Every structure is written in C-alpha cells, then in structure tokens.
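For reference, data16.tsv is printed below; it contains TSV, C-alpha atoms.
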chain	number	residue	atom	x	y	z
A	217	MET	CA	200.78	127.08	183.47
A	218	GLN	CA	201.29	130.36	181.57
A	219	ALA	CA	202.36	128.48	178.49
A	220	GLY	CA	199.12	126.45	178.62
A	221	LEU	CA	196.98	129.58	178.96
A	222	ALA	CA	198.72	131.24	176.05
A	223	ALA	CA	198.16	128.17	173.88
A	224	SER	CA	194.42	128.07	174.63
A	225	HIS	CA	194.12	131.82	174.01
A	226	SER	CA	195.79	131.52	170.61
A	227	ARG	CA	193.47	128.57	169.75
A	228	TRP	CA	190.43	130.67	170.63
A	229	ASP	CA	191.74	133.52	168.53
A	230	SER	CA	192.14	131.23	165.56
A	231	VAL	CA	188.55	130.06	165.94
A	232	ARG	CA	187.35	133.66	166.11
A	233	ARG	CA	189.34	134.47	163.06
A	234	LEU	CA	187.82	131.54	161.23
A	235	PHE	CA	184.23	132.74	161.75
A	236	CYS	CA	184.58	136.48	161.98
A	237	LEU	CA	187.01	139.08	160.80
A	238	ASP	CA	186.36	141.91	163.25
A	239	ARG	CA	184.06	142.80	166.14
A	240	ARG	CA	181.25	144.04	163.90
A	241	SER	CA	181.13	140.89	161.88
A	242	GLU	CA	181.22	138.87	165.13
A	243	PHE	CA	178.06	140.63	166.25
A	244	SER	CA	176.36	140.05	162.89
A	245	PHE	CA	177.42	136.38	162.98
A	246	ARG	CA	175.82	135.95	166.40
A	247	VAL	CA	172.54	137.47	165.27
A	248	LYS	CA	172.46	135.34	162.15
A	249	ALA	CA	173.30	132.21	164.09
A	250	ALA	CA	170.60	132.93	166.64
A	251	LYS	CA	168.06	133.52	163.89
A	252	SER	CA	168.90	130.34	162.03
A	253	LEU	CA	168.91	128.38	165.28
A	254	ALA	CA	165.48	129.72	166.18
A	255	ILE	CA	164.12	128.88	162.73
A	256	ALA	CA	165.58	125.38	162.89
A	257	THR	CA	164.07	124.86	166.34
A	258	LEU	CA	160.69	126.06	165.15
A	259	LEU	CA	160.87	123.74	162.15
A	260	VAL	CA	161.72	120.76	164.33
A	261	ILE	CA	158.94	121.56	166.82
A	262	SER	CA	156.37	122.12	164.10
A	263	SER	CA	157.29	118.86	162.38
A	264	PHE	CA	156.78	116.96	165.64
A	265	SER	CA	153.56	118.72	166.52
A	266	ASN	CA	151.99	118.27	163.09
A	267	PRO	CA	149.78	115.15	163.34
A	268	GLY	CA	149.67	114.83	159.58
A	269	TYR	CA	153.34	113.90	159.43
A	270	CYS	CA	154.13	112.21	162.71
A	271	VAL	CA	151.31	110.53	164.62
A	272	GLU	CA	147.85	109.35	163.68
A	273	PRO	CA	145.11	111.70	164.92
A	274	ALA	CA	143.63	110.14	168.05
A	275	GLN	CA	139.89	109.37	168.01
A	276	PRO	CA	137.96	111.35	170.61
A	277	GLY	CA	136.79	109.16	173.43
A	278	LEU	CA	136.15	108.58	177.09
A	279	GLN	CA	138.30	106.42	179.33
A	280	LYS	CA	137.49	104.03	182.16
A	281	LEU	CA	133.72	104.08	182.14
A	282	PHE	CA	131.76	101.59	184.22
A	283	HIS	CA	129.97	98.99	182.14
A	284	LEU	CA	126.71	97.89	183.78
A	285	VAL	CA	125.07	95.80	181.10
A	286	GLY	CA	124.80	95.27	177.36
A	287	VAL	CA	128.27	94.82	175.88
A	288	PRO	CA	128.82	91.13	175.07
A	289	GLY	CA	131.77	89.63	176.92
A	290	LEU	CA	131.95	92.31	179.60
A	291	ARG	CA	131.06	91.84	183.26
A	292	ARG	CA	129.02	94.23	185.39
A	293	ASP	CA	131.14	97.12	186.73
A	294	GLN	CA	134.03	96.29	184.42
A	295	ARG	CA	135.92	99.32	183.12
A	296	VAL	CA	135.58	100.08	179.42
A	297	ASN	CA	136.91	102.76	177.07
A	298	LEU	CA	134.57	104.43	174.64
A	299	ALA	CA	135.79	105.76	171.29
A	300	PHE	CA	133.73	107.90	168.95
A	301	ASP	CA	134.68	106.47	165.56
A	302	ALA	CA	133.55	107.90	162.25
A	303	ASP	CA	130.72	105.41	161.83
A	304	GLY	CA	129.86	104.34	165.36
A	305	LEU	CA	130.54	104.06	169.06
A	306	SER	CA	133.33	101.65	169.85
A	307	PHE	CA	133.51	99.96	173.27
A	308	GLN	CA	137.02	98.74	173.97
A	309	THR	CA	138.86	96.75	176.60
A	310	SER	CA	142.05	94.75	176.28
A	311	LYS	CA	140.01	91.71	175.21
A	312	VAL	CA	136.70	93.02	173.89
A	313	GLN	CA	135.89	95.38	171.04
A	314	TYR	CA	132.25	96.07	170.24
A	315	GLN	CA	130.83	98.66	167.90
A	316	VAL	CA	127.38	100.23	167.68
A	317	PRO	CA	126.79	102.21	164.47
A	318	TYR	CA	125.27	105.66	164.95
A	319	ALA	CA	122.58	104.81	162.41
A	320	ARG	CA	121.23	102.03	164.65
A	321	ILE	CA	120.94	104.14	167.79
A	322	ARG	CA	117.30	104.85	168.58
A	323	GLN	CA	117.48	106.71	171.90
A	324	VAL	CA	120.14	107.90	174.30
A	325	LEU	CA	119.28	108.93	177.85
A	326	LEU	CA	121.61	110.67	180.27
A	327	LEU	CA	120.50	110.24	183.89
A	328	ASN	CA	121.84	111.42	187.21
A	329	SER	CA	122.66	108.63	189.63
A	330	ASP	CA	125.23	107.68	192.20
A	331	ARG	CA	127.69	104.96	193.09
A	332	ARG	CA	129.15	103.95	196.41
A	333	TYR	CA	132.83	103.50	197.19
A	334	GLU	CA	132.67	99.73	197.74
A	335	GLY	CA	136.33	98.93	197.26
A	336	ARG	CA	137.48	101.81	199.45
A	337	THR	CA	134.88	100.94	202.08
A	338	TYR	CA	136.10	97.36	202.19
A	339	ALA	CA	139.73	98.48	202.50
A	340	ALA	CA	138.84	101.07	205.15
A	341	ALA	CA	136.81	98.54	207.11
A	342	LEU	CA	139.73	96.12	207.09
A	343	ALA	CA	142.25	98.77	208.05
A	344	THR	CA	140.23	100.30	210.89
A	345	TYR	CA	138.71	97.16	212.42
A	346	GLY	CA	135.24	97.89	211.04
A	347	VAL	CA	134.93	101.61	211.71
A	348	GLY	CA	135.82	102.41	208.11
A	349	ALA	CA	132.64	100.60	207.01
A	350	LEU	CA	130.86	103.91	207.62
A	351	LEU	CA	132.41	105.05	204.33
A	352	ILE	CA	129.56	103.13	202.67
A	353	LEU	CA	127.36	106.10	203.56
A	354	LYS	CA	129.35	108.28	201.15
A	355	LYS	CA	127.85	108.53	197.68
A	356	HIS	CA	129.60	109.49	194.49
A	357	HIS	CA	127.53	111.28	191.86
A	358	VAL	CA	127.82	109.84	188.36
A	359	ASP	CA	126.02	110.07	185.04
A	360	THR	CA	124.27	106.99	183.71
A	361	VAL	CA	123.97	106.56	179.95
A	362	VAL	CA	121.16	104.34	178.64
A	363	LEU	CA	121.81	103.54	174.99
A	364	ASP	CA	118.90	102.07	173.07
A	365	TYR	CA	119.73	100.59	169.66
A	366	VAL	CA	118.74	97.82	167.26
A	367	ASN	CA	120.83	94.95	165.97
A	368	GLU	CA	121.28	94.03	162.30
A	369	ARG	CA	118.00	92.05	162.38
A	370	GLY	CA	116.04	94.91	163.91
A	371	GLY	CA	115.97	93.49	167.45
A	372	LYS	CA	115.91	95.89	170.38
A	373	MET	CA	119.16	95.98	172.35
A	374	GLY	CA	120.59	98.22	175.03
A	375	ILE	CA	123.77	99.24	176.82
A	376	VAL	CA	124.02	100.92	180.22
A	377	LEU	CA	127.19	102.76	181.24
A	378	GLN	CA	128.16	104.95	184.16
A	379	MET	CA	130.69	107.76	184.00
A	380	GLU	CA	131.88	110.80	185.90
A	381	THR	CA	129.61	113.83	185.63
A	382	SER	CA	132.27	115.73	183.68
A	383	GLN	CA	132.51	112.83	181.22
A	384	GLY	CA	128.73	112.85	180.86
A	385	GLU	CA	128.85	116.38	179.51
A	386	VAL	CA	131.63	115.45	177.08
A	387	PHE	CA	129.65	112.38	176.00
A	388	LYS	CA	126.60	114.50	175.28
A	389	ASN	CA	128.59	117.01	173.24
A	390	LEU	CA	130.36	114.34	171.23
A	391	MET	CA	127.11	112.48	170.49
A	392	GLU	CA	125.38	115.66	169.40
A	393	SER	CA	128.32	116.53	167.15
A	394	ARG	CA	127.51	113.24	165.38
A	395	ASN	CA	123.83	114.11	165.02
A	396	VAL	CA	122.66	111.76	167.79
A	397	SER	CA	120.42	113.55	170.26
A	398	VAL	CA	120.85	112.87	173.97
A	399	GLU	CA	117.83	113.27	176.24
A	400	GLU	CA	118.07	114.21	179.88
A	401	PRO	CA	114.75	113.31	181.48
A	402	GLU	CA	113.89	114.87	184.82
A	403	ALA	CA	112.41	111.92	186.67
A	404	ALA	CA	110.66	109.17	184.79
A	405	SER	CA	112.05	108.43	181.38
A	406	ASP	CA	110.41	108.18	178.02
A	407	ILE	CA	111.28	104.50	177.81
A	408	SER	CA	109.26	103.61	180.87
A	409	LYS	CA	106.31	105.57	179.51
A	410	GLN	CA	106.44	103.77	176.17
A	411	PRO	CA	103.80	101.07	175.85
A	412	THR	CA	105.64	97.82	175.26
A	413	THR	CA	104.15	95.97	172.36
A	414	THR	CA	103.28	92.44	173.23
A	415	ASN	CA	103.20	91.36	169.65
A	416	THR	CA	106.05	92.49	167.52
A	417	SER	CA	106.69	89.53	165.32
A	418	ASP	CA	106.01	89.57	161.60
A	419	ARG	CA	103.97	86.43	161.82
A	420	SER	CA	101.81	87.53	164.72
A	421	LYS	CA	100.77	90.60	162.76
A	422	GLN	CA	99.40	88.43	160.01
B	218	MET	CA	144.88	40.73	189.93
B	219	LYS	CA	141.45	39.30	189.20
B	220	SER	CA	139.78	41.53	191.76
B	221	LYS	CA	141.53	44.52	190.23
B	222	PHE	CA	140.07	43.73	186.80
B	223	LEU	CA	136.69	43.15	188.36
B	224	SER	CA	136.70	46.51	190.14
B	225	ILE	CA	137.78	48.31	186.94
B	226	ALA	CA	134.99	46.61	185.01
B	227	VAL	CA	132.40	47.58	187.65
B	228	PHE	CA	133.62	51.16	187.69
B	229	ALA	CA	133.57	51.41	183.88
B	230	SER	CA	130.06	49.97	183.61
B	231	ALA	CA	128.80	52.37	186.32
B	232	PHE	CA	130.35	55.30	184.47
B	233	ALA	CA	128.78	54.21	181.17
B	234	LEU	CA	125.36	53.88	182.80
B	235	ALA	CA	125.61	57.31	184.38
B	236	ALA	CA	126.70	58.89	181.10
B	237	SER	CA	123.82	57.33	179.17
B	238	ALA	CA	121.33	58.46	181.85
B	239	THR	CA	122.61	62.03	181.64
B	240	ALA	CA	122.40	62.00	177.85
B	241	GLN	CA	118.83	60.68	178.04
B	242	GLN	CA	117.91	63.42	180.51
B	243	ASN	CA	119.41	66.08	178.26
B	244	SER	CA	117.58	64.79	175.23
B	245	SER	CA	114.30	64.80	177.13
B	246	THR	CA	114.91	68.41	178.19
B	247	THR	CA	115.63	69.69	174.71
B	248	GLY	CA	113.97	67.12	172.53
B	249	GLY	CA	110.63	67.17	174.37
B	250	ASN	CA	110.47	70.94	174.24
B	251	LYS	CA	107.86	72.30	171.84
B	252	TYR	CA	109.43	75.75	171.72
B	253	GLN	CA	112.93	76.04	170.32
B	254	TYR	CA	112.59	79.82	169.94
B	255	VAL	CA	111.81	82.32	172.70
B	256	GLN	CA	111.25	85.98	171.97
B	257	VAL	CA	111.79	88.34	174.89
B	258	ASN	CA	109.89	91.60	174.75
B	259	ARG	CA	110.99	94.56	176.82
B	260	PHE	CA	109.01	94.74	180.05
B	261	ALA	CA	106.43	97.50	180.39
B	262	VAL	CA	106.04	99.54	183.56
B	263	GLU	CA	102.76	99.86	185.39
B	264	PRO	CA	101.39	103.43	185.11
B	265	GLY	CA	102.34	105.58	188.07
B	266	LEU	CA	105.31	103.46	189.06
B	267	ASP	CA	108.61	105.35	189.11
B	268	PHE	CA	110.96	102.77	187.66
B	269	PRO	CA	114.42	103.83	186.42
B	270	PRO	CA	114.92	103.28	182.68
B	271	ASP	CA	118.37	101.82	183.24
B	272	TYR	CA	116.79	99.12	185.44
B	273	GLN	CA	114.19	98.42	182.76
B	274	LEU	CA	116.86	97.89	180.15
B	275	THR	CA	119.00	95.87	182.53
B	276	ILE	CA	116.15	93.40	183.14
B	277	ASP	CA	115.81	92.89	179.38
B	278	GLU	CA	119.54	92.34	178.89
B	279	ASP	CA	119.88	90.08	181.93
B	280	LEU	CA	116.89	87.98	180.86
B	281	ASN	CA	118.34	87.53	177.39
B	282	LYS	CA	121.68	86.58	178.88
B	283	VAL	CA	120.19	84.01	181.27
B	284	LEU	CA	117.92	82.47	178.63
B	285	TRP	CA	120.88	82.08	176.25
B	286	LYS	CA	122.42	79.71	178.78
B	287	ILE	CA	119.48	77.28	178.59
B	288	LYS	CA	120.33	74.47	176.22
B	289	GLY	CA	118.07	73.93	173.24
B	290	ILE	CA	116.60	77.46	173.23
B	291	LYS	CA	117.31	80.20	170.73
B	292	VAL	CA	116.52	83.66	172.05
B	293	LEU	CA	115.14	86.37	169.80
B	294	ARG	CA	114.96	90.07	170.59
B	295	GLU	CA	111.84	92.17	170.39
B	296	GLY	CA	111.47	93.31	166.79
B	297	GLU	CA	113.42	90.46	165.20
B	298	PRO	CA	111.57	88.48	162.53
B	299	LEU	CA	110.30	85.11	163.74
B	300	PRO	CA	110.94	81.82	161.97
B	301	GLN	CA	107.83	80.93	159.93
B	302	SER	CA	107.79	77.18	160.44
B	303	GLU	CA	108.76	76.96	164.12
B	304	PRO	CA	106.60	77.62	167.19
B	305	VAL	CA	107.79	80.64	169.16
B	306	LEU	CA	107.17	81.46	172.81
B	307	VAL	CA	106.80	85.19	173.41
B	308	VAL	CA	107.76	86.45	176.88
B	309	THR	CA	106.16	89.70	178.02
B	310	GLY	CA	106.01	91.32	181.42
B	311	THR	CA	104.94	94.34	183.41
B	312	ILE	CA	106.86	95.78	186.33
B	313	THR	CA	104.33	96.06	189.13
B	314	LYS	CA	106.44	96.82	192.19
B	315	PHE	CA	109.65	98.68	192.84
B	316	LYS	CA	111.35	99.48	196.09
B	317	LYS	CA	114.67	101.20	195.52
B	318	GLY	CA	116.29	100.12	198.79
B	319	ASN	CA	119.51	101.36	200.32
B	320	GLN	CA	122.85	99.61	200.11
B	321	ALA	CA	124.22	101.38	203.18
B	322	ALA	CA	121.24	100.25	205.27
B	323	ARG	CA	121.64	96.68	204.01
B	324	TYR	CA	125.30	96.69	204.97
B	325	LEU	CA	125.20	98.58	208.25
B	326	VAL	CA	121.80	97.53	209.65
B	327	GLY	CA	120.94	94.24	207.96
B	328	PHE	CA	117.92	92.15	209.01
B	329	GLY	CA	116.11	93.03	205.77
B	330	ALA	CA	116.53	96.80	206.14
B	331	GLY	CA	117.18	98.66	202.88
B	332	ALA	CA	116.16	95.74	200.68
B	333	THR	CA	115.69	96.40	196.97
B	334	VAL	CA	112.59	94.70	195.57
B	335	ILE	CA	111.37	94.50	191.97
B	336	GLY	CA	108.09	92.71	191.27
B	337	ALA	CA	106.75	91.81	187.84
B	338	HIS	CA	103.82	90.02	186.28
B	339	ILE	CA	105.00	87.90	183.36
B	340	LYS	CA	102.97	86.32	180.61
B	341	CYS	CA	104.31	83.84	178.07
B	342	PHE	CA	102.21	82.93	175.06
B	343	ASP	CA	102.44	81.17	171.72
B	344	ALA	CA	103.24	83.67	168.95
B	345	ALA	CA	100.92	82.01	166.43
B	346	THR	CA	97.92	80.88	168.51
B	347	LYS	CA	98.18	83.51	171.29
B	348	GLU	CA	97.53	80.72	173.77
B	349	VAL	CA	98.90	81.68	177.21
B	350	VAL	CA	101.46	79.10	178.26
B	351	LEU	CA	102.68	80.67	181.48
B	352	GLU	CA	101.40	83.53	183.63
B	353	ARG	CA	103.00	84.29	186.96
B	354	ASP	CA	104.12	86.94	189.44
B	355	VAL	CA	107.87	86.98	189.97
B	356	ASP	CA	110.23	89.14	191.96
B	357	GLY	CA	113.88	89.96	192.41
B	358	LYS	CA	115.31	91.02	195.75
B	359	VAL	CA	118.60	92.19	197.17
B	360	ILE	CA	118.59	91.73	200.93
B	361	MET	CA	122.27	91.15	201.59
B	362	GLY	CA	125.54	90.64	199.75
B	363	MET	CA	129.12	91.83	199.49
B	364	MET	CA	129.13	95.32	201.08
B	365	GLY	CA	125.35	95.10	201.28
B	366	GLY	CA	124.93	94.00	197.67
B	367	LYS	CA	124.28	96.18	194.64
B	368	SER	CA	120.69	97.29	194.08
B	369	GLU	CA	121.01	96.38	190.38
B	370	GLY	CA	121.33	92.77	191.50
B	371	ALA	CA	117.53	92.70	191.88
B	372	ASN	CA	117.24	92.87	188.08
B	373	ASN	CA	119.43	89.83	187.72
B	374	GLY	CA	117.44	88.01	190.41
B	375	LEU	CA	114.20	88.73	188.61
B	376	ALA	CA	115.65	87.62	185.27
B	377	LYS	CA	116.89	84.38	186.80
B	378	GLU	CA	113.48	83.64	188.30
B	379	VAL	CA	111.73	84.26	184.97
B	380	ALA	CA	114.24	82.04	183.18
B	381	LYS	CA	113.77	79.31	185.79
B	382	ASP	CA	109.98	79.39	185.33
B	383	ILE	CA	110.31	79.23	181.55
B	384	LYS	CA	112.80	76.38	181.78
B	385	GLU	CA	110.48	74.39	184.06
B	386	LYS	CA	107.53	75.02	181.78
B	387	LEU	CA	109.41	73.91	178.69
B	388	ARG	CA	110.75	70.73	180.30

Could you write out this file's structure as structure tokens?
Amino acid sequence: MQAGLAASHSRWDSVRRLFCLDRRSEFSFRVKAAKSLAIATLLVISSFSNPGYCVEPAQPGLQKLFHLVGVPGLRRDQRVNLAFDADGLSFQTSKVQYQVPYARIRQVLLLNSDRRYEGRTYAAALATYGVGALLILKKHHVDTVVLDYVNERGGKMGIVLQMETSQGEVFKNLMESRNVSVEEPEAASDISKQPTTTNTSDRSKQ
Amino acid sequence: MKSKFLSIAVFASAFALAASATAQQNSSTTGGNKYQYVQVNRFAVEPGLDFPPDYQLTIDEDLNKVLWKIKGIKVLREGEPLPQSEPVLVVTGTITKFKKGNQAARYLVGFGAGATVIGAHIKCFDAATKEVVLERDVDGKVIMGMMGGKSEGANNGLAKEVAKDIKEKLR
C-alpha cells in the first residue's frame, strides 16, 4: 500500500518537474495555460457562431400560419410557413412552394379577426360526454392578412392568411422593411370601397 | 360455355354503348358551348354594406377555383388580356346581403340560429357585344356543419352556385 503511494507520488513529481521547475514557474504556467485555454475556447465558440463560416443565414419568416385561400395546391386551414426572400414572399409546406414577388403586390391589409378552437372543442366534447362542446364559445384573436397581387399576365389574384397577433406585428415590420406598405383599416376596407370595373379587358375598351 | 360467351358479349356491348353515350354527352357540353373563355371580375360591394375584405377576396378565389373544374372552360382573371378571336363571357357581381352569423350558435342551438348568409346579384355578359347572357340573384349559406360549420363556407357556397348557373347556361 505504502509502496504504491510512494510510486504515484514520485510519478506526480516527475510530471511537475517536466512542466515547471519551481513553485513560481508553476504559478506562471497555470496562468498561461488558463489564458491559452480561454483564447482557444473563444476561438472555437466564435467559429461556430459565425454564420459566414458555418451555417447559411436563415431567411426571416413566420411559421405555421393558417392558409384560408389563394395559394394553389393548399387546402383551407392548412398550415403554411412564410419566408421573406430577397425578391418575394415564399409560401412553403412540405409539398407546395409558391412565391409572390414584392413587385407584384398591390395592397396588403392586416385585419383583426378571431378563430374558434374547433379541434379542442371536438376533443373536449368527446371526452366530457358533450359538456366540453361549450368550448366553442371561446374565441381566439388572430390577425388576418389579405394580400392583393397580380399574376404575370396582370390578372388580379389574392391570398388570405391568418396568424397569431404577435406574428401579425412581425409580418408588418418585415413587409415594411421591404418597402411594401401594410394597411390596417378600422372597419370597412379600401378594397370593398373600390368600384369594381365591369369591363377590364383590352378588347372591351376598344 | 355458349351462355358464358353470350353473357360476355352482352356485357361488352352494353359497356361500349354506355361509353359512347357518355362521350357524346361530354362533347355536347363542351362542343356546343359558345364561350370557351370566362373572365371573372372581383365582386363589388353594395354601398353601406359592411362586408369583410377577406370574404370579398375569398369569393373571387373560390369562384375561380370552381370554374376551373368545369371542362371546356378557360378562366381568366380580371385584368388579364382577352383572346382577340374568341368570344369571352365576363362574370361580374355585387354583394347585396351579408349576415355574419355565429358558429357557436349554429353548433349549440341549431335550427337555423347563427346562420351566415351572403347574397349577391350576378351579371354575365359577352365581352365584345355587351349582351347580357345571365342575370340572377344567388346566395351562399352556412346553417350547419362540422362544429357548426365555418362562416367562410358561405363564400364557397356562393361560388358554387354561381358556377352551377354558368355551367347550366353554357350547356
């Protein structure tokens, strides 16, 4: 037992002798080692955190919005992700990708509306023998985005989305950062006040 | 054995007759139609009527979607250039009635309570001659449905009714 302890002690001494000569140098070695370790750590962290070297910069966007109408190939109330690309809005699901260039957007309205918890109500009604159906009375405030744009032939098109109120604010800020103004009408919108032309064709104007 | 052959022959001839009849019917639906192109204009709203803009746009999109499903018709959007040599039917409309309804009332009360109603006056005319081909009052309602039914379903109902009227007129 004592022989083993003595052997380990002598091994430790040899290691100390290898790296430092006396107590002063041991202290200086520790400080230097700590400094170099800290610098190395900082270098490693900075290399991982720098998007230019490691990962592609993620496009700003909004997740899990409710699609009501307008995006080809998507059903009503299907969830969709919205990315703000350099040249347009990109609507993405696992199967569908649809882009609307900013230059073709004519009007964007942000309205206050509400949704009901249909899925939860159904589950609650099943679980509580019908009493949970009263959950249908609960409303959930959301923001509705009405996007008015034209297609490549100049035809009027539109997309309606619903999102959380916090997302609505982010949407507005991101759109305005791309020079697309977002209107928030109080009650009746500008669209409904616009007189709809009954004759828009080139030929009918002749 | 003979009877087996006979029954197969009868079945095959019946199938061939049915197929030819269906093809003839299809050709009469599309071939007899004067208008191959339909332009849908966005519906206007009667002054004083508080109609949500998202509903207005939804009617337009739903109507385009439903008309696309009709065989032999090419749908054009408002603002798109029209083909010069082909007759075009222009569909216009005005929302005349809107009752917002209440999904909770539809689900919990029923019997027509909380119904969402959208009424419109539609007018379809020839783009070149301006001759009115179809003029009618239509409506879309949501009275019941899964968890009371979504109020936005009234837009789809209205679009389907308009498309049905146009399809019948073009037949």

Q: Kindly determine which residues of chain B lie within 9 Å of chain A, considering all atoms listed in the file, and give the answer as a PyMOL selection string.
A: chain B and resi 256+258-264+266-271+273-275+277-279+293-301+307-311+320-322+324-325+344-347+363-364+369

(Q) If I take CA of Lys286 (chain B) and CA of Val296 (chain A), how far is one from the other in Å, to one decimal? (A)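 Separation between CA of Lys286 (chain B) and CA of Val296 (chain A): 24.3 Å.
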
**Q.** Among the residues A:Leu298, A:Met379, A:Leu281, A:Val324, the one that comes closest to Val358 (chain A) [using only C-alpha atoms]
**A.** A:Met379

Q: Have a look at CA of Asp382 (chain B) and CA of Ala337 (chain B) and let me know their distance in Å, one decimal.
A: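 Going from CA of Asp382 (chain B) over to CA of Ala337 (chain B), I get 13.1 Å.
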
Q. What separation in Å, quoted to one decimal, exists between CA of Ile312 (chain B) and CA of Arg388 (chain B)?
A.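 Between CA of Ile312 (chain B) and CA of Arg388 (chain B) the gap works out to 26.1 Å.
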
Output as lines of an AutoDock Vina configuration file the centre and edge lengths (Å, one decimal) of the box along x, y and z of the file that holds every listed atom of region 327-333 of chain A after adding 3 Å on each side.
center_x = 126.7
center_y = 107.5
center_z = 190.5
size_x = 18.3
size_y = 13.9
size_z = 19.3

Q.
At a cut-off of 10 Å, using only C-alpha atoms, what residues contact Ile290 (chain B)? Leave out same-chain residues fewer than 3 positions from it and give the result as a PyMOL selection string.
A. chain B and resi 247+250+252-255+284-287+293+384+387
